[in-house]
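The file start-v9.cif contains mmCIF, C-alpha atoms:
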data_protein
#
loop_
_atom_site.group_PDB
_atom_site.id
_atom_site.type_symbol
_atom_site.label_atom_id
_atom_site.label_comp_id
_atom_site.auth_asym_id
_atom_site.auth_seq_id
_atom_site.Cartn_x
_atom_site.Cartn_y
_atom_site.Cartn_z
ATOM 1 C CA MET A 810 21.620 63.076 -7.290
ATOM 2 C CA LYS A 811 24.437 64.829 -9.074
ATOM 3 C CA GLU A 812 24.328 67.796 -6.692
ATOM 4 C CA ARG A 813 24.367 65.500 -3.673
ATOM 5 C CA SER A 814 27.444 63.655 -4.980
ATOM 6 C CA ILE A 815 29.270 66.914 -5.610
ATOM 7 C CA ALA A 816 28.378 68.127 -2.123
ATOM 8 C CA LEU A 817 29.719 64.918 -0.575
ATOM 9 C CA ILE A 818 32.976 65.242 -2.492
ATOM 10 C CA ARG A 819 33.277 68.870 -1.392
ATOM 11 C CA LEU A 820 32.930 67.721 2.213
ATOM 12 C CA ILE A 821 35.172 64.657 2.060
ATOM 13 C CA VAL A 822 38.182 66.251 0.364
ATOM 14 C CA PRO A 823 38.615 69.101 2.904
ATOM 15 C CA LEU A 824 37.938 66.678 5.761
ATOM 16 C CA TYR A 825 40.727 64.431 4.478
ATOM 17 C CA SER A 826 43.045 67.438 4.254
ATOM 18 C CA LEU A 827 42.074 68.661 7.728
ATOM 19 C CA VAL A 828 42.707 65.281 9.331
ATOM 20 C CA ASN A 829 46.002 64.973 7.477
ATOM 21 C CA LEU A 830 47.084 68.472 8.551
ATOM 22 C CA THR A 831 46.035 67.903 12.165
ATOM 23 C CA LEU A 832 48.014 64.675 12.356
ATOM 24 C CA LEU A 833 51.045 66.382 10.855
ATOM 25 C CA ALA A 834 50.813 69.299 13.329
ATOM 26 C CA SER A 835 50.516 66.863 16.232
ATOM 27 C CA GLY A 836 53.696 65.076 15.200
ATOM 28 C CA TYR A 837 52.030 61.940 13.901
ATOM 29 C CA THR A 838 52.604 60.402 10.506
ATOM 30 C CA PRO A 839 50.043 61.714 8.058
ATOM 31 C CA LEU A 840 47.469 59.407 6.573
ATOM 32 C CA PRO A 841 49.312 56.708 4.648
ATOM 33 C CA PHE A 842 47.610 57.303 1.321
ATOM 34 C CA GLU A 843 49.313 58.468 -1.815
ATOM 35 C CA THR A 844 47.490 60.454 -4.451
ATOM 36 C CA ASN A 845 47.343 57.446 -6.775
ATOM 37 C CA GLN A 846 45.768 55.314 -4.067
ATOM 38 C CA VAL A 847 43.099 57.943 -3.358
ATOM 39 C CA GLU A 848 42.336 58.275 -7.091
ATOM 40 C CA THR A 849 42.096 54.506 -7.470
ATOM 41 C CA ALA A 850 39.777 54.215 -4.467
ATOM 42 C CA LEU A 851 37.523 57.014 -5.741
ATOM 43 C CA THR A 852 37.389 55.457 -9.200
ATOM 44 C CA ALA A 853 36.490 52.097 -7.688
ATOM 45 C CA LEU A 854 33.768 53.670 -5.534
ATOM 46 C CA LEU A 855 32.295 55.557 -8.485
ATOM 47 C CA GLY A 856 32.394 52.426 -10.624
ATOM 48 C CA ALA A 857 30.732 50.325 -7.940
ATOM 49 C CA GLY A 858 28.139 53.040 -7.341
ATOM 50 C CA GLY A 859 27.349 53.214 -11.054
ATOM 51 C CA LEU A 860 27.038 49.452 -11.243
ATOM 52 C CA ILE A 861 24.690 49.315 -8.258
ATOM 53 C CA TYR A 862 22.578 52.175 -9.651
ATOM 54 C CA ALA A 863 22.301 50.497 -13.059
ATOM 55 C CA TRP A 864 21.394 47.224 -11.385
ATOM 56 C CA TRP A 865 18.785 48.861 -9.138
ATOM 57 C CA LYS A 866 17.249 51.012 -11.869
ATOM 58 C CA ASN A 867 14.354 49.533 -13.798
ATOM 59 C CA ASN A 868 15.779 48.592 -17.217
ATOM 60 C CA ASN A 869 13.072 47.503 -19.610
ATOM 61 C CA MET A 870 14.985 45.347 -22.075
ATOM 62 C CA THR A 871 12.239 43.277 -23.669
ATOM 63 C CA GLU A 872 9.254 44.547 -25.633
ATOM 64 C CA ALA A 873 6.903 43.011 -23.067
ATOM 65 C CA ALA A 874 8.650 44.926 -20.280
ATOM 66 C CA GLN A 875 8.452 48.153 -22.271
ATOM 67 C CA GLN A 876 4.714 47.664 -22.861
ATOM 68 C CA ALA A 877 4.220 46.925 -19.165
ATOM 69 C CA GLN A 878 6.027 50.186 -18.337
ATOM 70 C CA VAL A 879 3.703 52.133 -20.661
ATOM 71 C CA THR A 880 0.678 50.499 -19.025
ATOM 72 C CA LEU A 881 2.042 51.327 -15.572
ATOM 73 C CA GLN A 882 2.618 54.971 -16.499
ATOM 74 C CA GLU A 883 -0.928 55.222 -17.888
ATOM 75 C CA TRP A 884 -2.322 53.662 -14.718
ATOM 76 C CA LYS A 885 -0.329 56.048 -12.522
ATOM 77 C CA GLY A 886 -1.638 58.972 -14.577
ATOM 78 C CA GLN A 887 -5.227 57.844 -14.018
ATOM 79 C CA VAL A 888 -4.687 57.422 -10.293
ATOM 80 C CA TYR A 889 -3.049 60.853 -10.105
ATOM 81 C CA ARG A 890 -5.940 62.503 -11.983
ATOM 82 C CA LYS A 891 -8.518 60.835 -9.710
ATOM 83 C CA GLY A 892 -6.665 62.178 -6.674
ATOM 84 C CA GLN A 893 -6.675 65.681 -8.182
ATOM 85 C CA GLU A 894 -10.439 65.571 -8.795
ATOM 86 C CA LYS A 895 -11.187 64.733 -5.167
ATOM 87 C CA SER A 896 -9.036 67.521 -3.730
ATOM 88 C CA GLY A 897 -10.293 70.144 -6.241
#

Just give me the structure as structure tokens.
Amino acid sequence: MKERSIALIRLIVPLYSLVNLTLLASGYTPLPFETNQVETALTALLGAGGLIYAWWKNNNMTEAAQQAQVTLQEWKGQVYRKGQEKSG
């Protein structure tokens, strides 16, 4: 996911600059964003994205949830091994 985020940033920043430059060359007022506003917006987006990811991610807080996760992983391992035996 890290590489995808970096790639998106590498696409968005030049696109912003290109649009801004094109508007300036055409005689229009450039995009009405100051550097501080862009930084604040990016920080807010990253914060919201982190919050949503943490909320979506399975966080096993209780001991019962942790034991259930171990049981699930063991079950998935058994299912995976059974699938390997059939194809081999």

Report task. Quick one: everything within 10 Å of segment 841-855 of chain A, counting all atoms listed in the file, minus sequence neighbours fewer than 4 positions away in the same chain. Send it as a count of residues only. Result -> 5

**Report entry** One-decimal distance in Å that lies between atom CA of Asn868 of chain A and atom CA of Arg813 of chain A
**Finding:**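 Interatomic distance, atom CA of Arg813 of chain A to atom CA of Asn868 of chain A: 23.3 Å.
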
Query raised in the report: What is the atom CA of Gly856 of chain A-atom CA of Ser826 of chain A distance in Å, reported with one decimal?
Result: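 So the two atoms, atom CA of Gly856 of chain A and atom CA of Ser826 of chain A, lie 23.7 Å apart.
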
Report task. Tell me, in Å to one decimal, how far atom CA of Ala857 of chain A is from atom CA of Leu817 of chain A. Result ->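 We find that atom CA of Ala857 of chain A and atom CA of Leu817 of chain A lie 16.4 Å from each other.
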
Written as a compact mmCIF listing (two decimals) with C-alpha atoms, in the frame of the given file, which residues does the PyMOL selection byres ((chain A and resi 839) around 12) give for the file shown?
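Once written, expr.txt looks like this:
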# COMPACT_ATOMS: atom_id res chain seq x y z
CA TYR A 825 40.73 64.43 4.48
CA SER A 826 43.04 67.44 4.25
CA LEU A 827 42.07 68.66 7.73
CA VAL A 828 42.71 65.28 9.33
CA ASN A 829 46.00 64.97 7.48
CA LEU A 830 47.08 68.47 8.55
CA THR A 831 46.04 67.90 12.16
CA LEU A 832 48.01 64.68 12.36
CA LEU A 833 51.04 66.38 10.86
CA ALA A 834 50.81 69.30 13.33
CA SER A 835 50.52 66.86 16.23
CA GLY A 836 53.70 65.08 15.20
CA TYR A 837 52.03 61.94 13.90
CA THR A 838 52.60 60.40 10.51
CA LEU A 840 47.47 59.41 6.57
CA PRO A 841 49.31 56.71 4.65
CA PHE A 842 47.61 57.30 1.32
CA GLU A 843 49.31 58.47 -1.82
